[in-house]
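> Data: data-v1.csv, CSV, C-alpha atoms.
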```csv
chain,number,residue,atom,x,y,z
A,7,MET,CA,20.2,0.9,16.1
A,8,THR,CA,17.1,2.2,17.8
A,9,ALA,CA,15.6,-0.2,20.3
A,10,ASP,CA,12.6,2.1,20.9
A,11,GLY,CA,11.2,1.5,17.4
A,12,THR,CA,11.4,5.1,16.2
A,13,HIS,CA,10.6,5.2,12.5
A,14,GLY,CA,13.8,5.9,10.6
A,15,LYS,CA,16.0,3.9,8.3
A,16,ILE,CA,15.0,0.2,7.9
A,17,ARG,CA,17.6,-2.5,8.2
A,18,LEU,CA,17.6,-5.9,6.4
A,19,ILE,CA,18.9,-8.9,8.3
A,20,GLU,CA,19.8,-11.0,5.3
A,21,GLU,CA,20.1,-14.3,7.1
A,22,ASN,CA,16.6,-14.1,8.3
A,23,CYS,CA,15.0,-13.3,4.9
A,24,THR,CA,13.3,-16.2,3.2
A,25,SER,CA,12.2,-14.3,0.1
A,26,CYS,CA,8.6,-14.8,1.0
A,27,MET,CA,7.7,-11.5,-0.8
A,28,ILE,CA,5.2,-10.4,2.0
A,29,CYS,CA,7.0,-7.1,2.6
A,30,ALA,CA,7.0,-6.3,-1.2
A,31,ARG,CA,3.3,-7.1,-1.4
A,32,GLU,CA,2.2,-5.2,1.7
A,33,CYS,CA,4.3,-2.0,1.0
A,34,PRO,CA,1.7,0.7,0.2
A,35,VAL,CA,4.1,2.6,-2.1
A,36,TRP,CA,5.6,-0.4,-3.9
A,37,CYS,CA,9.1,0.6,-2.9
A,38,ILE,CA,10.6,-2.8,-2.2
A,39,GLN,CA,11.9,-5.0,-5.0
A,40,ILE,CA,13.0,-8.6,-4.4
A,41,ASP,CA,14.6,-11.1,-6.7
A,42,SER,CA,15.1,-14.7,-5.6
A,43,HIS,CA,15.5,-18.2,-6.9
A,44,THR,CA,15.1,-21.7,-5.5
A,45,GLU,CA,17.9,-24.1,-4.9
A,46,VAL,CA,18.1,-27.7,-3.8
A,47,ASP,CA,18.9,-27.6,-0.1
A,48,PRO,CA,21.4,-30.4,0.5
A,49,THR,CA,21.3,-29.8,4.3
A,50,ALA,CA,17.6,-30.5,4.6
A,51,PRO,CA,17.1,-33.5,6.9
A,52,ALA,CA,14.7,-35.2,4.6
A,53,GLN,CA,17.2,-34.8,1.8
A,54,GLN,CA,19.8,-36.7,3.7
A,55,THR,CA,17.7,-39.8,4.3
A,56,GLY,CA,18.6,-41.0,0.8
A,57,ARG,CA,15.2,-42.6,0.3
A,58,GLY,CA,14.6,-41.1,-3.1
A,59,MET,CA,12.1,-38.4,-2.1
A,60,ARG,CA,11.8,-35.3,-4.3
A,61,PRO,CA,14.6,-32.8,-3.7
A,62,ARG,CA,14.0,-30.3,-0.9
A,63,THR,CA,14.4,-26.7,-2.0
A,64,ARG,CA,14.9,-23.4,-0.3
A,65,ASN,CA,14.6,-19.8,-1.5
A,66,VAL,CA,17.8,-17.9,-2.0
A,67,LEU,CA,17.6,-14.1,-1.9
A,68,ASP,CA,19.4,-12.5,-4.9
A,69,ARG,CA,18.4,-8.9,-4.7
A,70,PHE,CA,16.6,-6.8,-2.1
A,71,VAL,CA,16.2,-3.1,-2.9
A,72,ILE,CA,14.3,-0.4,-1.0
A,73,ASP,CA,13.8,2.8,-2.9
A,74,TRP,CA,14.0,5.5,-0.3
A,75,SER,CA,12.6,8.2,-2.6
A,76,LEU,CA,9.3,6.3,-2.4
A,77,CYS,CA,9.4,4.9,1.2
A,78,MET,CA,7.2,6.7,3.6
A,79,TYR,CA,8.6,5.1,6.8
A,80,CYS,CA,5.2,3.6,7.7
A,81,GLY,CA,6.7,0.4,9.0
A,82,ILE,CA,4.2,-2.0,7.5
A,83,CYS,CA,7.0,-4.1,6.1
A,84,VAL,CA,8.7,-4.3,9.5
A,85,GLU,CA,5.4,-5.4,11.1
A,86,GLU,CA,4.5,-7.8,8.4
A,87,CYS,CA,7.8,-9.7,8.1
A,88,PRO,CA,7.1,-13.2,9.5
A,89,PHE,CA,10.8,-13.8,10.0
A,90,ASP,CA,11.9,-10.5,11.7
A,91,ALA,CA,14.3,-9.8,8.8
A,92,LEU,CA,13.4,-6.1,8.9
A,93,GLU,CA,13.9,-3.7,11.8
A,94,TRP,CA,14.1,0.0,12.5
A,95,ASN,CA,17.7,1.3,12.4
A,96,GLY,CA,18.5,4.9,13.3
A,97,ALA,CA,17.8,8.2,11.6
A,98,HIS,CA,16.1,8.6,8.3
A,99,VAL,CA,18.1,8.1,5.2
A,100,ALA,CA,20.2,11.2,4.3
A,101,PRO,CA,19.5,13.1,1.1
A,102,ARG,CA,21.5,12.1,-2.0
A,103,PRO,CA,22.4,14.0,-5.1
A,104,SER,CA,20.4,11.7,-7.4
A,105,LEU,CA,17.4,9.5,-7.3
A,106,ASP,CA,19.3,6.4,-8.2
A,107,ALA,CA,21.5,6.8,-5.2
A,108,LEU,CA,18.4,6.5,-3.0
A,109,SER,CA,17.9,2.9,-4.0
A,110,PHE,CA,19.7,0.8,-1.4
A,111,GLY,CA,20.6,-2.9,-2.0
A,112,ILE,CA,21.3,-5.6,0.5
A,113,ASP,CA,24.7,-4.3,1.5
A,114,GLU,CA,23.6,-0.8,2.1
A,115,LEU,CA,20.5,-2.0,4.0
A,116,ALA,CA,22.6,-4.0,6.4
B,1,MET,CA,-12.1,-2.4,23.8
B,2,LEU,CA,-15.4,-2.4,25.6
B,3,SER,CA,-14.3,-2.5,29.2
B,4,THR,CA,-11.2,-1.9,31.4
B,5,ARG,CA,-10.6,-3.3,34.8
B,6,SER,CA,-10.0,-0.9,37.6
B,7,SER,CA,-7.4,-1.7,40.2
B,8,ARG,CA,-10.2,-3.0,42.5
B,9,GLY,CA,-11.1,-5.6,39.9
B,10,GLU,CA,-14.4,-4.0,38.8
B,11,THR,CA,-15.1,-3.4,35.2
B,12,SER,CA,-16.1,-0.1,33.8
B,13,LEU,CA,-17.3,0.7,30.4
B,14,ASN,CA,-15.0,3.0,28.6
B,15,LYS,CA,-16.4,6.1,27.0
B,16,ASP,CA,-16.3,4.7,23.4
B,17,SER,CA,-18.9,2.1,24.2
B,18,MET,CA,-21.1,4.7,25.7
B,19,THR,CA,-21.1,6.9,22.6
B,20,THR,CA,-24.6,7.8,21.6
B,21,LYS,CA,-25.1,7.6,17.9
B,22,SER,CA,-28.2,8.9,16.1
B,23,ILE,CA,-29.1,8.6,12.5
B,24,ILE,CA,-30.5,11.8,11.1
B,25,GLU,CA,-32.3,12.6,7.9
B,26,PRO,CA,-30.5,15.0,5.6
B,27,THR,CA,-33.3,17.5,5.9
B,28,GLU,CA,-32.9,17.6,9.7
B,29,TRP,CA,-29.1,17.7,9.7
B,30,VAL,CA,-28.6,21.3,10.7
B,31,ASP,CA,-31.5,21.5,13.1
B,32,ARG,CA,-30.5,18.3,15.0
B,33,ALA,CA,-26.8,19.6,15.2
B,34,ARG,CA,-28.1,22.9,16.7
B,35,ALA,CA,-30.3,21.0,19.1
B,36,ALA,CA,-27.3,18.9,20.2
B,37,ARG,CA,-25.2,22.0,20.8
B,38,GLU,CA,-27.9,23.6,22.8
B,39,ALA,CA,-28.3,20.4,24.9
B,40,GLY,CA,-24.7,20.8,26.0
B,41,TYR,CA,-22.6,19.2,23.2
B,42,THR,CA,-20.8,22.4,22.5
B,43,PHE,CA,-17.5,21.0,21.4
B,44,PHE,CA,-17.1,20.2,17.7
B,45,ASP,CA,-14.7,17.2,17.6
B,46,TRP,CA,-14.8,15.9,14.0
B,47,LEU,CA,-16.8,15.6,10.8
B,48,ASP,CA,-16.0,12.6,8.6
B,49,CYS,CA,-17.4,10.4,5.9
B,50,VAL,CA,-17.5,6.8,4.9
B,51,ASP,CA,-18.0,5.5,1.3
B,52,GLU,CA,-20.3,2.6,1.8
B,53,LEU,CA,-19.8,0.8,-1.5
B,54,PRO,CA,-21.3,-1.6,-2.6
B,55,VAL,CA,-24.2,0.3,-1.0
B,56,GLU,CA,-24.5,3.5,-3.1
B,57,GLN,CA,-24.4,6.0,-0.2
B,58,PHE,CA,-22.0,8.2,1.8
B,59,ARG,CA,-22.3,8.1,5.6
B,60,VAL,CA,-21.4,11.5,7.0
B,61,VAL,CA,-20.7,11.5,10.7
B,62,LEU,CA,-20.5,14.4,13.1
B,63,GLY,CA,-18.6,13.9,16.4
B,64,LEU,CA,-19.4,16.2,19.3
B,65,GLN,CA,-18.5,16.3,22.9
B,66,ASP,CA,-20.0,18.0,25.9
B,67,ALA,CA,-18.1,19.9,28.6
B,68,THR,CA,-17.1,16.6,30.4
B,69,ALA,CA,-16.0,15.0,27.1
B,70,VAL,CA,-18.9,12.7,26.8
B,71,PRO,CA,-19.2,12.0,23.1
B,72,LEU,CA,-22.2,12.1,20.8
B,73,GLN,CA,-22.3,11.1,17.1
B,74,LEU,CA,-24.8,12.3,14.6
B,75,GLU,CA,-24.9,10.4,11.4
B,76,CYS,CA,-26.5,11.1,8.0
B,77,ARG,CA,-26.7,9.0,4.9
B,78,ILE,CA,-26.7,10.8,1.5
B,79,PRO,CA,-27.0,9.2,-1.9
B,80,ARG,CA,-23.6,8.6,-3.6
B,81,GLN,CA,-24.9,9.7,-7.0
B,82,GLU,CA,-25.9,13.1,-5.7
B,83,PRO,CA,-23.9,13.8,-2.6
B,84,VAL,CA,-25.3,17.1,-1.2
B,85,LEU,CA,-25.8,18.1,2.4
B,86,ASP,CA,-26.5,21.3,4.2
B,87,SER,CA,-23.4,23.0,5.8
B,88,LEU,CA,-23.0,23.1,9.5
B,89,ARG,CA,-20.8,26.2,9.6
B,90,GLU,CA,-23.6,28.3,11.0
B,91,VAL,CA,-23.9,25.9,14.0
B,92,PHE,CA,-20.2,25.1,14.4
B,93,ALA,CA,-17.8,27.4,12.7
B,94,GLY,CA,-15.1,24.8,12.8
B,95,ALA,CA,-17.1,22.5,10.6
B,96,ALA,CA,-16.3,24.6,7.6
B,97,TRP,CA,-12.8,23.4,7.4
B,98,ALA,CA,-13.8,19.7,7.8
B,99,GLU,CA,-16.5,20.2,5.1
B,100,ARG,CA,-13.9,21.6,2.7
B,101,GLU,CA,-11.8,18.5,3.3
B,102,LEU,CA,-14.8,16.1,2.6
B,103,ALA,CA,-15.6,18.1,-0.5
B,104,ASP,CA,-12.0,17.5,-1.7
B,105,LEU,CA,-11.8,13.9,-0.7
B,106,PHE,CA,-15.3,12.6,-1.5
B,107,GLY,CA,-16.9,15.2,-3.7
B,108,ILE,CA,-19.7,16.1,-1.3
B,109,ARG,CA,-21.3,19.5,-1.9
B,110,PHE,CA,-22.2,21.4,1.2
B,111,ARG,CA,-25.0,23.9,0.6
B,112,GLY,CA,-24.0,27.2,2.2
B,113,GLY,CA,-20.6,25.9,2.9
B,114,ASP,CA,-17.1,27.3,2.1
B,115,PRO,CA,-16.6,26.3,-1.6
B,116,ARG,CA,-12.7,26.6,-1.6
B,117,ARG,CA,-10.5,23.6,-1.9
B,118,VAL,CA,-8.4,22.9,1.2
B,119,LEU,CA,-6.2,20.0,0.3
B,120,LEU,CA,-6.0,19.2,-3.4
B,121,PRO,CA,-4.7,21.4,-6.3
B,122,ASP,CA,-7.4,22.9,-8.4
B,123,SER,CA,-6.2,20.8,-11.3
B,124,TYR,CA,-6.9,17.5,-9.6
B,125,ALA,CA,-9.9,15.6,-11.1
B,126,GLY,CA,-11.3,12.8,-8.9
B,127,TYR,CA,-12.0,12.1,-5.3
B,128,PRO,CA,-9.2,10.3,-3.6
B,129,LEU,CA,-11.1,8.6,-0.7
B,130,ARG,CA,-13.9,7.2,-2.8
B,131,LYS,CA,-13.5,3.4,-3.0
B,132,ASP,CA,-13.8,3.4,-6.8
B,133,GLU,CA,-10.9,5.9,-7.2
B,134,ILE,CA,-8.2,4.4,-9.3
B,135,LEU,CA,-4.5,5.0,-9.0
B,136,GLY,CA,-4.0,5.3,-12.7
B,137,ALA,CA,-0.2,5.2,-12.8
B,138,ARG,CA,-0.3,1.8,-11.0
B,139,ALA,CA,-2.3,0.2,-13.7
B,140,VAL,CA,0.7,0.6,-16.0
B,141,THR,CA,3.5,0.1,-13.5
B,142,GLY,CA,4.9,-3.3,-12.7
B,143,TRP,CA,4.1,-4.4,-9.2
B,144,PRO,CA,7.1,-5.7,-7.2
B,145,GLY,CA,4.8,-8.0,-5.3
B,146,ALA,CA,3.6,-9.9,-8.4
B,147,LYS,CA,6.5,-12.3,-8.2
B,148,GLU,CA,6.1,-15.5,-6.2
B,149,PRO,CA,8.8,-16.6,-3.7
B,150,GLY,CA,11.7,-18.3,-5.5
B,151,ASP,CA,10.6,-16.5,-8.7
B,152,GLU,CA,9.1,-19.6,-10.2
B,153,ALA,CA,7.0,-18.9,-13.2
B,154,ALA,CA,3.8,-17.9,-11.5
B,155,ALA,CA,3.5,-21.1,-9.4
B,156,ALA,CA,0.9,-22.9,-11.4
B,157,GLY,CA,-1.3,-24.1,-8.7
B,158,ARG,CA,-1.8,-20.7,-6.9
B,159,ARG,CA,-4.2,-18.0,-7.9
B,160,ARG,CA,-2.3,-14.9,-8.9
B,161,MET,CA,-1.7,-12.1,-6.5
B,162,VAL,CA,-2.8,-8.5,-7.5
B,163,PRO,CA,-2.2,-5.3,-5.7
B,164,PRO,CA,-5.0,-3.2,-4.1
B,165,GLY,CA,-5.9,0.0,-6.0
B,166,VAL,CA,-5.6,-1.5,-9.5
B,167,PRO,CA,-8.8,-3.0,-10.9
B,168,ASP,CA,-8.9,-5.9,-13.4
B,169,PRO,CA,-8.3,-4.4,-16.9
B,170,GLU,CA,-11.5,-6.0,-18.1
B,171,VAL,CA,-13.4,-3.9,-15.5
B,172,TRP,CA,-11.5,-0.6,-15.9
B,173,GLY,CA,-8.7,0.2,-18.2
B,174,ASP,CA,-9.1,-2.2,-21.0
B,175,ARG,CA,-12.8,-2.8,-21.0
B,176,ALA,CA,-14.5,-4.3,-24.0
B,177,ALA,CA,-15.7,-1.5,-26.3
B,178,ASP,CA,-19.3,-2.8,-26.4
B,179,ALA,CA,-19.5,-3.3,-22.6
B,180,ALA,CA,-21.3,-0.6,-20.5
B,181,PRO,CA,-19.0,1.3,-18.1
B,182,ALA,CA,-18.5,-0.7,-14.9
B,183,SER,CA,-20.5,0.5,-11.9
B,184,PRO,CA,-18.6,2.1,-9.0
B,185,ALA,CA,-19.2,-1.0,-6.9
B,186,GLU,CA,-17.7,-3.3,-9.6
B,187,VAL,CA,-14.7,-1.1,-9.8
B,188,ALA,CA,-14.2,-0.9,-6.1
B,189,ALA,CA,-14.6,-4.7,-5.7
B,190,SER,CA,-12.1,-5.3,-8.5
B,191,ALA,CA,-9.5,-3.1,-7.0
B,192,ALA,CA,-9.6,-4.8,-3.6
B,193,GLY,CA,-6.4,-6.7,-4.2
B,194,GLY,CA,-5.4,-10.2,-2.9
B,195,ARG,CA,-5.4,-13.5,-4.6
B,196,VAL,CA,-7.8,-13.6,-7.5
B,197,ARG,CA,-8.9,-16.0,-10.1
B,198,ARG,CA,-6.8,-15.9,-13.2
B,199,ALA,CA,-8.0,-13.8,-16.1
B,200,ARG,CA,-10.1,-15.5,-18.7
B,201,ALA,CA,-7.2,-15.9,-21.0
B,202,ASP,CA,-5.2,-17.8,-18.4
B,203,ARG,CA,-8.2,-20.0,-17.6
B,204,ALA,CA,-8.8,-20.8,-21.2
B,205,ARG,CA,-5.2,-21.7,-21.6
B,206,GLY,CA,-5.4,-23.9,-18.6
B,207,GLU,CA,-8.5,-25.6,-20.0
B,208,ARG,CA,-6.9,-26.1,-23.3
B,209,ALA,CA,-3.9,-27.7,-21.6
B,210,ARG,CA,-6.2,-30.0,-19.6
B,211,GLY,CA,-8.1,-30.9,-22.8
B,212,ASP,CA,-4.8,-31.7,-24.6
B,213,ARG,CA,-3.7,-33.9,-21.7
B,214,ALA,CA,-7.1,-35.7,-21.7
B,215,ARG,CA,-6.8,-36.3,-25.5
B,216,GLU,CA,-3.2,-37.6,-25.0
B,217,ASP,CA,-4.4,-40.0,-22.3
B,218,ARG,CA,-7.2,-41.4,-24.5
B,219,ALA,CA,-4.8,-41.7,-27.4
B,220,ARG,CA,-2.3,-43.6,-25.2
B,221,GLU,CA,-5.1,-45.9,-24.0
B,222,ASP,CA,-6.2,-46.6,-27.6
B,223,ARG,CA,-2.7,-47.4,-28.6
B,224,ALA,CA,-2.3,-49.7,-25.6
B,225,ARG,CA,-5.5,-51.5,-26.5
B,226,GLU,CA,-4.4,-52.0,-30.1
B,227,ASP,CA,-1.1,-53.4,-28.9
B,228,ARG,CA,-2.9,-55.9,-26.6
B,229,GLY,CA,-5.5,-56.7,-29.2
```
Just give me the structure as structure tokens.


Amino acid sequence: MTADGTHGKIRLIEENCTSCMICARECPVWCIQIDSHTEVDPTAPAQQTGRGMRPRTRNVLDRFVIDWSLCMYCGICVEECPFDALEWNGAHVAPRPSLDALSFGIDELA
Amino acid sequence: MLSTRSSRGETSLNKDSMTTKSIIEPTEWVDRARAAREAGYTFFDWLDCVDELPVEQFRVVLGLQDATAVPLQLECRIPRQEPVLDSLREVFAGAAWAERELADLFGIRFRGGDPRRVLLPDSYAGYPLRKDEILGARAVTGWPGAKEPGDEAAAAGRRRMVPPGVPDPEVWGDRAADAAPASPAEVAASAAGGRVRRARADRARGERARGDRAREDRAREDRAREDRG
């Protein structure tokens, strides 16, 4: 992990991500893909009052992929994330023998 | 930043706010640059251009400095439809390279300048830094940012989100055959991105849905009236 903010690999902090889509929209090279769905959130305080209000929902992140063959390490996604779910994390991604291997999912981005 | 405080608490203007800027006619461009050099602005710093769409002109700006790094900017407006300007390479040899770059990126022709490309391959057609330049591949590629959070079917109440660089197909790409080609300003405005009004088809669908609902409401009221009566 680089505390000095050197532009290298980008790390996803999954528990902070709310699937807001802002990083995917702001990325100038369209290298971020996100799938998500909404679920009723049973832990929401308003949900537990039992007063018959409409169900509280939250976004659940299903899939988060960065395609390193497109990423240009500009850092706009890191700057734009409102929830600090993206941060710089060490050296650039190492070369791979195929383009497919350069798409990293949630586990590889952690 | 217009001012910085010195350690004694005084303010001083930083050099950027003191930059002298002069607007020059294209016919005087070379003469005024030479005069500036002879007046002491001997350092060629940069030469750049701004596409001023929707105003149909390019603004070419020359940045010079004198021996104490005091900056001077000379600025010239040339028509976008015919972007021609005299070359400054006789006054500042280093300007030749910058002019080649502007020729590649904006399509400006510099009379007497170096005609070689400096950045783009010879096969490239188009001028990347013009505001109406389209990234054609993006018009046919799905944009990852088109989804809404939670992936609900295009949250009905919000205006849809479109990426920058891709104009509305009605403006460029899928324009009606009988419509005149869109002007550069229209194309540039259409490719700005952000939340936009839904396309006419979506709006029509929305209006039809509203019309259907209104008809259903009236039918329901009529039935209720008959039941009462």

> Leaving out A:Tyr79 and any residue of its chain fewer than 4 positions from it, which residues lie within 9 Å of it when counting all atoms listed in the file, given as a list in words?

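The residues satisfying every condition are His13, Gly14, Lys15, Ile16, Trp74 and His98 of chain A.
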
> With a cut-off of 10 Å and counting only C-alpha atoms, select all residues of chain B in contact with chain A and give the selection as a PyMOL selection string.

chain B and resi 138+141-152+161-165+194

> Hey, what's within 6 Å of stretch 32-48 of chain B if we count only C-alpha atoms and toss same-chain stuff fewer than 2 positions away? As a list of chain:residue names, please?

B:Glu28, B:Trp29, B:Val30, B:Val60, B:Val61, B:Leu62, B:Gly63, B:Leu64, B:Gln65, B:Asp66, B:Val91, B:Ala98

> What's around A:Phe89 at 9 Å? Count all atoms listed in the file, leave out sequence neighbours fewer than 3 positions away in its own chain, and write the answer as a CSV table (one decimal) with C-alpha atoms, in the frame of the given file.


```
chain,number,residue,atom,x,y,z
A,22,ASN,CA,16.6,-14.1,8.3
A,23,CYS,CA,15.0,-13.3,4.9
A,24,THR,CA,13.3,-16.2,3.2
A,86,GLU,CA,4.5,-7.8,8.4
A,92,LEU,CA,13.4,-6.1,8.9
```

> Mind checking which residues fall within 8 Å of stretch 169-177 of chain B, counting all atoms listed in the file, ignoring those fewer than 2 positions away in the same chain, and posting them as a count of residues only?

8

> Expressed in Å to a single decimal, how great is the separation between atom CA of B:Glu56 and atom CA of B:Arg130?

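Rounded to one decimal, the two atoms are 11.2 Å apart.
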
> Tell me, in Å to one decimal, how far atom CA of A:Val84 is from atom CA of A:Asp106.

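Interatomic distance here is 23.2 Å.
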
> Contacts of B:Ala189 at 9 Å or less, counting all atoms listed in the file, minus same-chain residues fewer than 5 places along, as a list in words?

Leu53, Pro54, Lys131, Asp132, Pro167 and Pro184 of chain B

> What is the distance, in Å and to one decimal place, between atom CA of B:Gly136 and atom CA of B:Val84?

26.9 Å

> Around (-25.1, 13.7, 2.4), as given in the file, which residues come within 9 Å? Count only C-alpha atoms and list them as a VMD selection string.

chain B and resid 26 57 to 60 76 to 80 82 to 86 108 to 110

> Measuring atom to atom with all atoms listed in the file, identify which of B:Arg100, B:Arg160, B:Arg223, B:Arg116 is nearest to B:Gly193.

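Among the listed residues, the smallest separation from B:Gly193 belongs to B:Arg160.
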